[in-house]
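Heads up: the structure comes next, in structure tokens.
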Amino acid sequence: IQVFVKAIENAAPHDEVTTIEYGGARYPVAVDTSPLRRITLALRHMVWGAYDRCFNKKKKLKDALAEEILLAFKNSNESFAIRKKNEIEKQADSAR
């Protein structure tokens with residue numbers, strides 16, 4: 001359970017980008033992510049990563065999900081969830 005919780009902590013993004021319309025123009029703005037949304041995004045990205053690993057391959061979904069959780073726990077860039085977190089936070093940094 002501790003490995004799973006640490007994997008979620010590592011894969012949860014702190015900031016994300018939203019769009020604000022002001023005077024007919026749209027501007028990207030970086031905002032802090034709420035705690036519940038952070039968990040939801042981390043779980044969603046882990047499942048997507050596991051699905052991508054096993055789609056049209058011989059690997060089973062449970063094995064791919066276990067591998068994704070372990071990679072997120074290790075904070076490895078091979079993890080889909082960690083890559084998405086880094087991408088989202090990089091977009092938020094550029095929108096500041």
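Every chain in the structure tokens has a letter given in the order shown (A, B, ...), and although residue numbers restart at 1 in each chain, ligands are simply numbered from 1 in the order shown.
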
Within 7 Å of A:Arg53 using only C-alpha atoms, minus same-chain residues under 3 positions, as a VMD selection string: chain A and resid 49 to 50 64

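If only C-alpha atoms are the atoms counted, then among A:Ala25, A:Ala7, A:Val47, A:Gln91 the closest residue to A:Ser76 is A:Ala7.
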
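Taking only C-alpha atoms into account, A:Asn10 lies nearest to A:Lys85 out of the set A:Arg37, A:Lys85, A:Arg26, A:Lys62.
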
Near A:Asp15, counting only C-alpha atoms, which residues have an atom at most 8 Å away, once you skip same-chain residues fewer than 4 positions from it, shown as a PyMOL selection string? chain A and resi 30-33+88-89+92

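Excluding A:Met46 itself and any same-chain residue fewer than 4 positions from it, the protein and nucleic acid residues within 8 Å of it, counting only C-alpha atoms, are A:Ala42, A:Ala50, A:Leu65, A:Glu68, A:Ile69, A:Phe80, A:Ala81.
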
Write out as a list of chain:residue names the set of residues from chain A that DSSP, computed on the backbone, places in strand (DSSP E or B). A:Asp15, A:Glu16, A:Val17, A:Thr18, A:Thr19, A:Ile20, A:Glu21, A:Tyr22, A:Ala25, A:Arg26, A:Tyr27, A:Pro28, A:Val29, A:Ala30, A:Val31, A:Asp32

List the neighbours of A:Leu36 out to 12 Å using only C-alpha atoms; skip same-chain residues closer than 2 positions along the sequence, and give me the result as a list of chain:residue names. A:Ile8, A:Glu9, A:Ala12, A:Pro13, A:His14, A:Asp32, A:Thr33, A:Ser34, A:Arg38, A:Ile39, A:Thr40, A:Leu41, A:Ala42, A:Leu43

In stretch 3-60 of chain A, what's alpha helix (DSSP H) per DSSP? Answer as a PyMOL selection string? chain A and resi 3-11+35-54

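Residue nearest A:Ile82 within the list A:Ile1, A:Gly23, A:Trp48, A:Lys57: A:Trp48 [criterion: smallest interatomic distance, only C-alpha atoms].
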